[in-house]
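Remarks on the structure that follows.
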Amino acid sequence: MTTPTGKKLDIQKEAICLSLKLGMLRTRRRVDTAMIQTDAEPEMVHVSKDILESVQLQAVAQYRGSITRYLKARCLPSPFRSGVYLIRLPLVEEVMKYLEAAEVRDRELVAAFIEFYEGVYAQRHADDNAMRAKLGSLYKVSDYPTPQKVKDTFQFEVQLLELSTPGSLRTIDRALYEREAAKMQNVWEGARQQITQVLLVEFRKLTARMSEKLREVGPDGRPKTFRDSLVGNLQEWLDLFEKRDLSNDEELTKLVNQARAMVSGLKPEVIRESESLKSEIAEEMQKITAQLDQAIVERPGRRIELDEEVPA
């Protein structure tokens, strides 16, 4: 069972909000259902088409995916809109330096795509246009805006936000200020519960996977090898825990320390060379996973399902 620690942790003083907007061109368009031959009722049919194929655009999307993964590994969910993260103050400098470098690389990738798209736009009326051949009667010249308009769809906006009840309200209407302060306190308490769930689920995925992979055997009955990242991912998560943690949760901290004591400093090859050590770690991770399962069920707040799979 997870329990809060005795110390009071003020999220508003320990963390700041980071907003990241990553806009980009969408290449999927709706298709007029009148062009589709079917006996289904029109309102039941939804069809779309891809108007563009570009390895350059795919490179932008993949790079931005790596940015999101980096942030999810260091930041925590905020109670606000998608794209707004909570980041503890000790990590702000590191994350901002990463984003500054990432923006430079992102601009380079976007520029490469725009160069490619200029050729697509110039050929939009040509009969031998590759997309015209692929889309046939669904091809529409109007689906292709000017390169400048396409360039304008790409956004990379980073902003740090400090959110609290406006202090000026106190001098205008003290009762209103107190009501708004109470609302904000409830928002941050809900955020703390959500953060706890996120950390529990993240941790549980890593310990469960390690327990499973260290016990895995092949068709011949011999132990299967595992990737270095199996150990590295857990060690990185444990190393970042204190810098990220806003949960104020005693039981979670205890389980983190147990896992750290077991794998801290261990090289993957050392684990591979010792079946007894491998078995010991797998058993310990299984025990921690069971305790995390119980904590996830008992902890208040909505259940969090992360959309990122943990790599092997």
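Letters A, B, ... go to the chains of the structure tokens in the order shown; residues in each chain start at 1; ligands are counted from 1 in the same order.
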
| field | segment 263-267 of chain A surroundings by only C-alpha atoms, 10 Å radius, close-in-sequence under 6 positions cut, as a list of chain:residue names | value | A:Asp228, A:Val231, A:Gly232, A:Leu234, A:Gln235, A:Glu236, A:Leu238, A:Asp239, A:Asn257, A:Ile281

With C-alpha atoms retained, write the just-selected residues as a short mmCIF file (atom, residue, chain, number, x, y, z; two decimals), in the first residue's frame.
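Wrote it out as result26.cif, contents follow:
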data_model
loop_
_atom_site.label_atom_id
_atom_site.label_comp_id
_atom_site.auth_asym_id
_atom_site.auth_seq_id
_atom_site.Cartn_x
_atom_site.Cartn_y
_atom_site.Cartn_z
CA ASP A 228 21.57 -4.16 -22.73
CA VAL A 231 19.05 -3.05 -17.67
CA GLY A 232 19.88 0.43 -18.94
CA LEU A 234 15.58 0.61 -15.52
CA GLN A 235 18.83 2.15 -14.28
CA GLU A 236 18.10 5.41 -16.11
CA LEU A 238 15.95 4.96 -11.14
CA ASP A 239 18.69 7.57 -11.61
CA ASN A 257 15.45 2.08 -3.23
CA ILE A 281 17.32 -10.16 -9.77
#

| field | Residues within 12 Å of Ser279 of chain A, only C-alpha atoms, excluding chain neighbours under 3 positions, as a PyMOL selection string | value | chain A and resi 210-216+223+262+271-276+282-286

Convert the current residue selection to file output with C-alpha atoms, as a CSV table (one decimal), in the first residue's frame.
chain,number,residue,atom,x,y,z
A,210,MET,CA,13.0,-7.3,-16.4
A,211,SER,CA,11.5,-10.2,-14.4
A,212,GLU,CA,10.0,-11.7,-17.5
A,213,LYS,CA,13.1,-11.3,-19.8
A,214,LEU,CA,15.6,-12.6,-17.2
A,215,ARG,CA,13.5,-15.9,-16.9
A,216,GLU,CA,12.8,-16.3,-20.7
A,223,PRO,CA,18.0,-19.1,-21.3
A,262,MET,CA,19.7,-4.6,-6.6
A,271,ILE,CA,24.2,-10.4,-15.2
A,272,ARG,CA,24.4,-12.6,-18.3
A,273,GLU,CA,27.5,-14.4,-16.9
A,274,SER,CA,25.8,-15.4,-13.6
A,275,GLU,CA,22.7,-17.5,-13.7
A,276,SER,CA,22.4,-17.2,-9.9
A,282,ALA,CA,14.3,-11.7,-11.5
A,283,GLU,CA,12.9,-12.9,-8.2
A,284,GLU,CA,13.4,-9.5,-6.6
A,285,MET,CA,11.8,-7.7,-9.6
A,286,GLN,CA,8.8,-10.0,-9.4

| task | Tell me, as a PyMOL selection string, which residues lie within 6 Å of segment 103-113 of chain A, counting only C-alpha atoms; anything in the same chain fewer than 5 positions away does not count. | result | chain A and resi 56-57+60

With C-alpha atoms retained, export the selected residues as an mmCIF file, in the first residue's frame.
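Okay, again.cif is ready:
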data_model
loop_
_atom_site.group_PDB
_atom_site.id
_atom_site.type_symbol
_atom_site.label_atom_id
_atom_site.label_comp_id
_atom_site.auth_asym_id
_atom_site.auth_seq_id
_atom_site.Cartn_x
_atom_site.Cartn_y
_atom_site.Cartn_z
ATOM 1 C CA GLN A 56 11.778 13.794 -45.276
ATOM 2 C CA LEU A 57 8.437 14.355 -43.552
ATOM 3 C CA VAL A 60 10.540 15.113 -38.972
#

| said: Which of segment 153-254 of chain A end up as alpha helix (DSSP H) when DSSP is run on this backbone - answer as number ranges by chain? | reply: A: 168-172, 174-215, 228-244, 250-254

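The coordinates place atom CA of Asn186 of chain A at 29.7 Å from atom CA of Glu94 of chain A.
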
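The protein and nucleic acid residues lying at most 10 Å from Gln185 of chain A are A:Asp10, A:Ile11, A:Gln12, A:Ser164, A:Thr165, A:Arg179, A:Glu180, A:Ala181, A:Ala182, A:Trp188, A:Glu189, A:Gly190, A:Ala191, with only C-alpha atoms considered and sequence neighbours fewer than 3 positions away removed.
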
Let's have the selection written as a PDB file, in the first residue's frame, with N, CA and C atoms.
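Produced file selection.pdb, reproduced below:
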ATOM      1  N   ASP A  10       5.142  20.917  -1.888  1.00  0.00           N
ATOM      2  CA  ASP A  10       4.351  21.919  -2.603  1.00  0.00           C
ATOM      3  C   ASP A  10       4.760  21.895  -4.074  1.00  0.00           C
ATOM      4  N   ILE A  11       3.895  21.332  -4.915  1.00  0.00           N
ATOM      5  CA  ILE A  11       4.219  21.197  -6.337  1.00  0.00           C
ATOM      6  C   ILE A  11       4.494  22.553  -6.968  1.00  0.00           C
ATOM      7  N   GLN A  12       3.739  23.577  -6.567  1.00  0.00           N
ATOM      8  CA  GLN A  12       3.906  24.899  -7.166  1.00  0.00           C
ATOM      9  C   GLN A  12       5.279  25.494  -6.886  1.00  0.00           C
ATOM     10  N   SER A 164      -0.291  29.964 -10.615  1.00  0.00           N
ATOM     11  CA  SER A 164      -0.761  30.062  -9.230  1.00  0.00           C
ATOM     12  C   SER A 164      -1.934  31.034  -9.205  1.00  0.00           C
ATOM     13  N   THR A 165      -2.565  31.145  -8.061  1.00  0.00           N
ATOM     14  CA  THR A 165      -3.670  32.086  -7.902  1.00  0.00           C
ATOM     15  C   THR A 165      -3.125  33.505  -7.912  1.00  0.00           C
ATOM     16  N   ARG A 179     -11.380  31.480  -2.504  1.00  0.00           N
ATOM     17  CA  ARG A 179     -12.068  30.442  -3.272  1.00  0.00           C
ATOM     18  C   ARG A 179     -11.184  29.937  -4.416  1.00  0.00           C
ATOM     19  N   GLU A 180     -10.547  30.881  -5.123  1.00  0.00           N
ATOM     20  CA  GLU A 180      -9.697  30.493  -6.243  1.00  0.00           C
ATOM     21  C   GLU A 180      -8.450  29.747  -5.767  1.00  0.00           C
ATOM     22  N   ALA A 181      -7.932  30.155  -4.618  1.00  0.00           N
ATOM     23  CA  ALA A 181      -6.764  29.464  -4.059  1.00  0.00           C
ATOM     24  C   ALA A 181      -7.122  28.027  -3.689  1.00  0.00           C
ATOM     25  N   ALA A 182      -8.326  27.835  -3.148  1.00  0.00           N
ATOM     26  CA  ALA A 182      -8.778  26.491  -2.797  1.00  0.00           C
ATOM     27  C   ALA A 182      -8.948  25.633  -4.050  1.00  0.00           C
ATOM     28  N   TRP A 188      -3.867  20.937  -7.885  1.00  0.00           N
ATOM     29  CA  TRP A 188      -2.530  20.391  -7.661  1.00  0.00           C
ATOM     30  C   TRP A 188      -2.577  19.083  -6.881  1.00  0.00           C
ATOM     31  N   GLU A 189      -3.562  18.923  -6.012  1.00  0.00           N
ATOM     32  CA  GLU A 189      -3.693  17.647  -5.301  1.00  0.00           C
ATOM     33  C   GLU A 189      -4.082  16.543  -6.283  1.00  0.00           C
ATOM     34  N   GLY A 190      -4.989  16.873  -7.218  1.00  0.00           N
ATOM     35  CA  GLY A 190      -5.334  15.907  -8.257  1.00  0.00           C
ATOM     36  C   GLY A 190      -4.134  15.578  -9.121  1.00  0.00           C
ATOM     37  N   ALA A 191      -3.320  16.591  -9.410  1.00  0.00           N
ATOM     38  CA  ALA A 191      -2.111  16.373 -10.210  1.00  0.00           C
ATOM     39  C   ALA A 191      -1.144  15.454  -9.472  1.00  0.00           C
TER      40      ALA A 191
END

| task | Once DSSP has gone over the backbone, tell me which residues of segment 137-277 of chain A are in strand (DSSP E), as a PyMOL selection string. | result | chain A and resi 157-161

| task | Just the residues within 12 Å of segment 61-69 of chain A, please, counting only C-alpha atoms, with nothing from its chain fewer than 4 positions along; format it as number ranges by chain. | result | A: 19-27, 54-57, 73-76, 82-85, 95-96, 98-110, 113, 154-156, 306-311

Give me a file of those residues, with C-alpha atoms, as a PDB file, in the first residue's frame.
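In the end it all went to part39.pdb:
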ATOM      1  CA  SER A  19       4.558  23.948 -22.757  1.00  0.00           C
ATOM      2  CA  LEU A  20       5.698  22.450 -26.049  1.00  0.00           C
ATOM      3  CA  LYS A  21       3.745  22.977 -29.280  1.00  0.00           C
ATOM      4  CA  LEU A  22       4.845  20.889 -32.237  1.00  0.00           C
ATOM      5  CA  GLY A  23       2.698  21.744 -35.259  1.00  0.00           C
ATOM      6  CA  MET A  24       3.265  20.127 -38.639  1.00  0.00           C
ATOM      7  CA  LEU A  25       1.649  19.373 -41.983  1.00  0.00           C
ATOM      8  CA  ARG A  26      -1.099  16.752 -41.989  1.00  0.00           C
ATOM      9  CA  THR A  27      -1.092  14.679 -45.151  1.00  0.00           C
ATOM     10  CA  SER A  54       7.904  11.726 -48.090  1.00  0.00           C
ATOM     11  CA  VAL A  55      10.839  10.226 -46.227  1.00  0.00           C
ATOM     12  CA  GLN A  56      11.778  13.794 -45.276  1.00  0.00           C
ATOM     13  CA  LEU A  57       8.437  14.355 -43.552  1.00  0.00           C
ATOM     14  CA  ALA A  73      11.198  10.299 -19.354  1.00  0.00           C
ATOM     15  CA  ARG A  74      11.998  13.496 -17.432  1.00  0.00           C
ATOM     16  CA  CYS A  75       8.741  15.370 -16.999  1.00  0.00           C
ATOM     17  CA  LEU A  76       5.385  14.486 -15.511  1.00  0.00           C
ATOM     18  CA  SER A  82      -1.929  18.078 -23.834  1.00  0.00           C
ATOM     19  CA  GLY A  83       1.617  19.256 -24.480  1.00  0.00           C
ATOM     20  CA  VAL A  84       1.989  20.888 -21.059  1.00  0.00           C
ATOM     21  CA  TYR A  85       4.310  19.016 -18.718  1.00  0.00           C
ATOM     22  CA  VAL A  95      15.711  19.951 -20.448  1.00  0.00           C
ATOM     23  CA  MET A  96      15.870  23.496 -21.820  1.00  0.00           C
ATOM     24  CA  TYR A  98      18.124  19.738 -24.876  1.00  0.00           C
ATOM     25  CA  LEU A  99      15.146  21.564 -26.411  1.00  0.00           C
ATOM     26  CA  GLU A 100      17.349  24.396 -27.702  1.00  0.00           C
ATOM     27  CA  ALA A 101      19.533  21.881 -29.552  1.00  0.00           C
ATOM     28  CA  ALA A 102      16.466  19.910 -30.659  1.00  0.00           C
ATOM     29  CA  GLU A 103      14.901  23.002 -32.213  1.00  0.00           C
ATOM     30  CA  VAL A 104      18.003  23.572 -34.347  1.00  0.00           C
ATOM     31  CA  ARG A 105      17.924  19.985 -35.606  1.00  0.00           C
ATOM     32  CA  ASP A 106      14.166  20.183 -36.161  1.00  0.00           C
ATOM     33  CA  ARG A 107      14.579  23.275 -38.347  1.00  0.00           C
ATOM     34  CA  GLU A 108      17.127  21.411 -40.480  1.00  0.00           C
ATOM     35  CA  LEU A 109      14.759  18.478 -40.988  1.00  0.00           C
ATOM     36  CA  VAL A 110      11.824  20.754 -41.788  1.00  0.00           C
ATOM     37  CA  PHE A 113      11.142  18.532 -46.308  1.00  0.00           C
ATOM     38  CA  PHE A 154       5.405  23.695 -38.697  1.00  0.00           C
ATOM     39  CA  GLN A 155       5.664  24.948 -35.122  1.00  0.00           C
ATOM     40  CA  PHE A 156       8.262  24.444 -32.431  1.00  0.00           C
ATOM     41  CA  LEU A 306       0.993   5.156 -20.782  1.00  0.00           C
ATOM     42  CA  ASP A 307       1.029   5.127 -24.575  1.00  0.00           C
ATOM     43  CA  GLU A 308       4.747   4.363 -24.794  1.00  0.00           C
ATOM     44  CA  GLU A 309       5.913   0.791 -24.717  1.00  0.00           C
ATOM     45  CA  VAL A 310       9.058   0.077 -22.741  1.00  0.00           C
ATOM     46  CA  PRO A 311      11.822  -1.103 -25.117  1.00  0.00           C
TER      47      PRO A 311
END

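Distances here use only C-alpha atoms; by that measure, the residue among A:Glu202, A:Gln258, A:Ala208, A:Tyr139 closest to Trp237 of chain A is A:Glu202.
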
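When only C-alpha atoms are used to measure the gap to Glu162 of chain A, the shortest distance among A:Arg174, A:Lys134, A:Arg88, A:Arg30 belongs to A:Arg88.
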
| query | Between atom CA of Leu52 of chain A and atom CA of Leu135 of chain A, what is the distance, to one decimal in Å? | reply | 10.0 Å

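Residues in contact with Val92 of chain A at 12 Å, where only C-alpha atoms are counted and same-chain residues fewer than 6 positions away are skipped, are listed as Glu14, Ala15, Ile16, Cys17, Leu18, Leu71, Arg74, Cys75, Tyr85, Leu86, Tyr98, Leu99, Gln159, Leu160, Leu161, Lys243 and Arg244 of chain A.
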
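For the atom pair formed by atom CA of Ala295 of chain A and atom CA of Gln193 of chain A, the distance is 12.1 Å, given to one decimal.
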
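Nearest-residue note for Pro77 of chain A: choosing from A:Ile195, A:Ala175, A:Ala259, A:Leu246, the minimum distance belongs to A:Ile195, counting only C-alpha atoms.
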
Using only C-alpha atoms, determine which residues lie at most 9 Å from Leu199 of chain A, disregarding the query and same-chain residues fewer than 4 positions distant; provide the list as a tab-separated table (two decimals) with C-alpha atoms, in the first residue's frame.
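around.tsv, freshly written:
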chain	number	residue	atom	x	y	z
A	76	LEU	CA	5.39	14.49	-15.51
A	194	GLN	CA	-2.05	11.46	-11.18
A	195	ILE	CA	1.73	11.83	-10.95
A	203	PHE	CA	8.13	1.62	-12.70
A	204	ARG	CA	5.89	-1.43	-12.84
A	241	PHE	CA	13.56	9.34	-9.99
A	245	ASP	CA	9.44	12.76	-8.17
A	247	SER	CA	4.48	12.12	-5.58
A	252	LEU	CA	7.06	4.18	-3.89
